[in-house]
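The structure appears right after this line, and notes come after that.
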Amino acid sequence: MILPTTALYALCILIWGTTWYAITAQLDVLVPEVGVAIRFGLAALVLLVFCRVRGQRLRFPARVQALIFAQGMAGFYASYVCVYAAERFVASGVVAVGYAASPLFGLVLARAFLGTRMSARVALGGLAGIAGVVLIFWHEFTRLTASDQVLWGAELTMGSVLLSSLSTIAVAGYQRLGIRGWGPLAWAMAYGAAAAALHALAHGAPWAWSWRPAFIGSLAWLSLAGSILAFGAYYALVHRVGAAKAGYTGVLTPVVALVVSSLFENFVWTGLTVAGIALAILGNVVAMWRGSAPRDTLKAEPA
């Protein structure tokens, strides 16, 4: 079954909007690199078994494997270690705003690596989305201080966004070669998990565990929904609408995260919150308006 583009966006936004909260249950027990290794190790194992049972392709030419390796190292190792670590140092709003910059990162990187046209409409929508998320989390910014921890957390956040965008470019690269399906995602997650595990072993990070329902439930949600289902939908979007426009999932995801925070963490809604949500949605409308959408897409069949 081929899902509509709007359904793919909805899956990514709704699932990833809840993973911000799920990650906090992991950080209570695991250091970032161990958490990343376990999360994507489980996801890779499930996907590899699924591909083997369904007879999906798992062998690829060296050029494709190089792109998959780059995807795994950037997207499922370095990027996620950075974002897990960032959540230990800075407010969640800072990380959310960083990921709202992903459309602009995607626009620039797609131009540099894929030769796609720079679109003023996409850039304008991205800026509006970032401004909206800034308003949503303005109350958290007012509590920040210019400490070394805050600066380090901000650097980790922006590094994570850049690495995630580079990973998306690698995906777009092998999709242009006609490679699709779950096999590349399985290998990329396996590479990322292995790198995170080696990172943990190299500096003696503790491999802790907990049988608390919150820990097990959040790990299952992060591995199965947040990794397999959401990334499958996201890379289908990259294939269908292009790397830059697929990045707009990073603009509305914080809005969902805000709703989750209000339900479970007593987040207080203000006039700025409502204005920020409206501005973030407006940014997406500007960028995705069908009548004059930018030609920054990869023309190919849905994954």
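Quick note on naming: the chains in the structure tokens go A, B, ... in the order shown, residues restart at 1 in each chain, and ligands are numbered from 1 in order of appearance.
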
Give me the residues within 7 Å of stretch 28-45 of chain A as an NGL selection string, counting only C-alpha atoms and dropping any in the same chain fewer than 3 places off. :A and (24-25 or 48-49 or 80-81 or 84-85 or 186-187 or 189-190 or 193-194 or 196-197 or 199-200 or 207-209 or 219 or 222-224 or 227-228)

Have a look at A:Leu198, A:Leu272, A:Ala128, A:Leu229 and name the one nearest to A:Val251; count only C-alpha atoms. A:Ala128

Where does DSSP see alpha helix (DSSP H) in stretch 247-280 of chain A, if you list the residues as a ChimeraX atom specification? /A:249-264,271-280

For C-alpha atoms, I'd like the residues from the last selection saved as a PDB file, in the first residue's frame.
```
ATOM      1  CA  THR A 249       8.849  17.498   9.478  1.00  0.00           C
ATOM      2  CA  GLY A 250      11.312  19.195  11.832  1.00  0.00           C
ATOM      3  CA  VAL A 251       9.184  22.351  11.959  1.00  0.00           C
ATOM      4  CA  LEU A 252       5.876  20.899  13.156  1.00  0.00           C
ATOM      5  CA  THR A 253       7.344  18.109  15.294  1.00  0.00           C
ATOM      6  CA  PRO A 254       8.050  20.555  18.174  1.00  0.00           C
ATOM      7  CA  VAL A 255       4.365  21.569  18.117  1.00  0.00           C
ATOM      8  CA  VAL A 256       3.374  17.971  18.875  1.00  0.00           C
ATOM      9  CA  ALA A 257       6.139  17.805  21.474  1.00  0.00           C
ATOM     10  CA  LEU A 258       4.586  20.859  23.097  1.00  0.00           C
ATOM     11  CA  VAL A 259       1.191  19.151  23.361  1.00  0.00           C
ATOM     12  CA  VAL A 260       2.824  16.081  24.912  1.00  0.00           C
ATOM     13  CA  SER A 261       4.703  18.324  27.348  1.00  0.00           C
ATOM     14  CA  SER A 262       1.475  20.043  28.377  1.00  0.00           C
ATOM     15  CA  LEU A 263      -0.124  16.666  29.099  1.00  0.00           C
ATOM     16  CA  PHE A 264       2.748  15.035  30.994  1.00  0.00           C
ATOM     17  CA  GLY A 271      -0.396  33.867  23.936  1.00  0.00           C
ATOM     18  CA  LEU A 272       3.124  33.496  22.530  1.00  0.00           C
ATOM     19  CA  THR A 273       2.603  29.712  22.383  1.00  0.00           C
ATOM     20  CA  VAL A 274      -0.516  30.073  20.220  1.00  0.00           C
ATOM     21  CA  ALA A 275       1.138  32.709  18.008  1.00  0.00           C
ATOM     22  CA  GLY A 276       4.170  30.475  17.568  1.00  0.00           C
ATOM     23  CA  ILE A 277       2.078  27.489  16.498  1.00  0.00           C
ATOM     24  CA  ALA A 278       0.250  29.650  13.950  1.00  0.00           C
ATOM     25  CA  LEU A 279       3.529  30.978  12.550  1.00  0.00           C
ATOM     26  CA  ALA A 280       5.072  27.485  12.306  1.00  0.00           C
TER      27      ALA A 280
END
```

Give me, please, the distance in Å between atom CA of A:Met73 and atom CA of A:Tyr191, quoted to one decimal. 6.6 Å

Applying 8 Å and only C-alpha atoms, which residues near stretch 155-160 of chain A remain after dropping the ones on its own chain fewer than 3 positions away? List them as a PDB file with N, CA and C atoms, in the first residue's frame.
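Wrote it out as around.pdb, contents follow:
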```
ATOM      1  N   ALA A  78      26.430   9.717  15.105  1.00  0.00           N
ATOM      2  CA  ALA A  78      26.895  11.018  15.579  1.00  0.00           C
ATOM      3  C   ALA A  78      25.742  11.974  15.888  1.00  0.00           C
ATOM      4  N   SER A  79      24.762  12.039  15.001  1.00  0.00           N
ATOM      5  CA  SER A  79      23.647  12.966  15.205  1.00  0.00           C
ATOM      6  C   SER A  79      22.885  12.648  16.483  1.00  0.00           C
ATOM      7  N   TYR A  80      22.587  11.361  16.700  1.00  0.00           N
ATOM      8  CA  TYR A  80      21.777  11.006  17.862  1.00  0.00           C
ATOM      9  C   TYR A  80      22.561  11.046  19.162  1.00  0.00           C
ATOM     10  N   CYS A  82      24.767  13.266  19.735  1.00  0.00           N
ATOM     11  CA  CYS A  82      24.744  14.707  20.012  1.00  0.00           C
ATOM     12  C   CYS A  82      23.416  15.153  20.609  1.00  0.00           C
ATOM     13  N   VAL A  83      22.313  14.697  20.029  1.00  0.00           N
ATOM     14  CA  VAL A  83      21.019  15.181  20.507  1.00  0.00           C
ATOM     15  C   VAL A  83      20.685  14.610  21.884  1.00  0.00           C
ATOM     16  N   ALA A  85      22.922  13.865  24.146  1.00  0.00           N
ATOM     17  CA  ALA A  85      23.784  14.616  25.057  1.00  0.00           C
ATOM     18  C   ALA A  85      23.274  16.042  25.254  1.00  0.00           C
ATOM     19  N   ALA A  86      22.768  16.664  24.187  1.00  0.00           N
ATOM     20  CA  ALA A  86      22.285  18.037  24.275  1.00  0.00           C
ATOM     21  C   ALA A  86      21.133  18.157  25.259  1.00  0.00           C
ATOM     22  N   VAL A  94      15.490  24.597  23.188  1.00  0.00           N
ATOM     23  CA  VAL A  94      16.676  24.900  22.384  1.00  0.00           C
ATOM     24  C   VAL A  94      16.884  23.818  21.322  1.00  0.00           C
ATOM     25  N   VAL A  95      16.757  22.561  21.728  1.00  0.00           N
ATOM     26  CA  VAL A  95      16.918  21.459  20.788  1.00  0.00           C
ATOM     27  C   VAL A  95      15.819  21.499  19.730  1.00  0.00           C
ATOM     28  N   GLY A  98      16.546  24.119  17.234  1.00  0.00           N
ATOM     29  CA  GLY A  98      17.620  23.669  16.351  1.00  0.00           C
ATOM     30  C   GLY A  98      17.103  22.792  15.230  1.00  0.00           C
ATOM     31  N   TYR A  99      16.208  21.859  15.562  1.00  0.00           N
ATOM     32  CA  TYR A  99      15.688  20.972  14.529  1.00  0.00           C
ATOM     33  C   TYR A  99      14.701  21.660  13.603  1.00  0.00           C
ATOM     34  N   LEU A 151      26.173  26.719  26.386  1.00  0.00           N
ATOM     35  CA  LEU A 151      26.870  26.877  25.109  1.00  0.00           C
ATOM     36  C   LEU A 151      27.222  25.517  24.511  1.00  0.00           C
ATOM     37  N   TRP A 152      27.668  24.587  25.340  1.00  0.00           N
ATOM     38  CA  TRP A 152      28.002  23.253  24.862  1.00  0.00           C
ATOM     39  C   TRP A 152      26.757  22.552  24.340  1.00  0.00           C
ATOM     40  N   LEU A 163      24.453  17.086  11.051  1.00  0.00           N
ATOM     41  CA  LEU A 163      24.725  15.678  10.769  1.00  0.00           C
ATOM     42  C   LEU A 163      23.473  14.974  10.247  1.00  0.00           C
ATOM     43  N   SER A 164      22.331  15.281  10.830  1.00  0.00           N
ATOM     44  CA  SER A 164      21.078  14.689  10.371  1.00  0.00           C
ATOM     45  C   SER A 164      20.784  15.088   8.934  1.00  0.00           C
TER      46      SER A 164
END
```

Figure out the distance between atom CA of A:Leu47 and atom CA of A:Ala62, please, to one decimal in Å.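 A separation of 20.8 Å between them.
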
If we count only C-alpha atoms and set the cut-off at 8 Å, which residues sit around A:Leu11, ignoring sequence neighbours fewer than 2 positions away in its own chain? Please answer as JSON, numbers by chain. {"A": [7, 8, 9, 13, 14, 15, 229, 230, 233]}

Between atom CA of A:Tyr235 and atom CA of A:Gln26, what is the distance in Å, rounded to a tenth?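 Here the two named atoms are 25.2 Å from each other.
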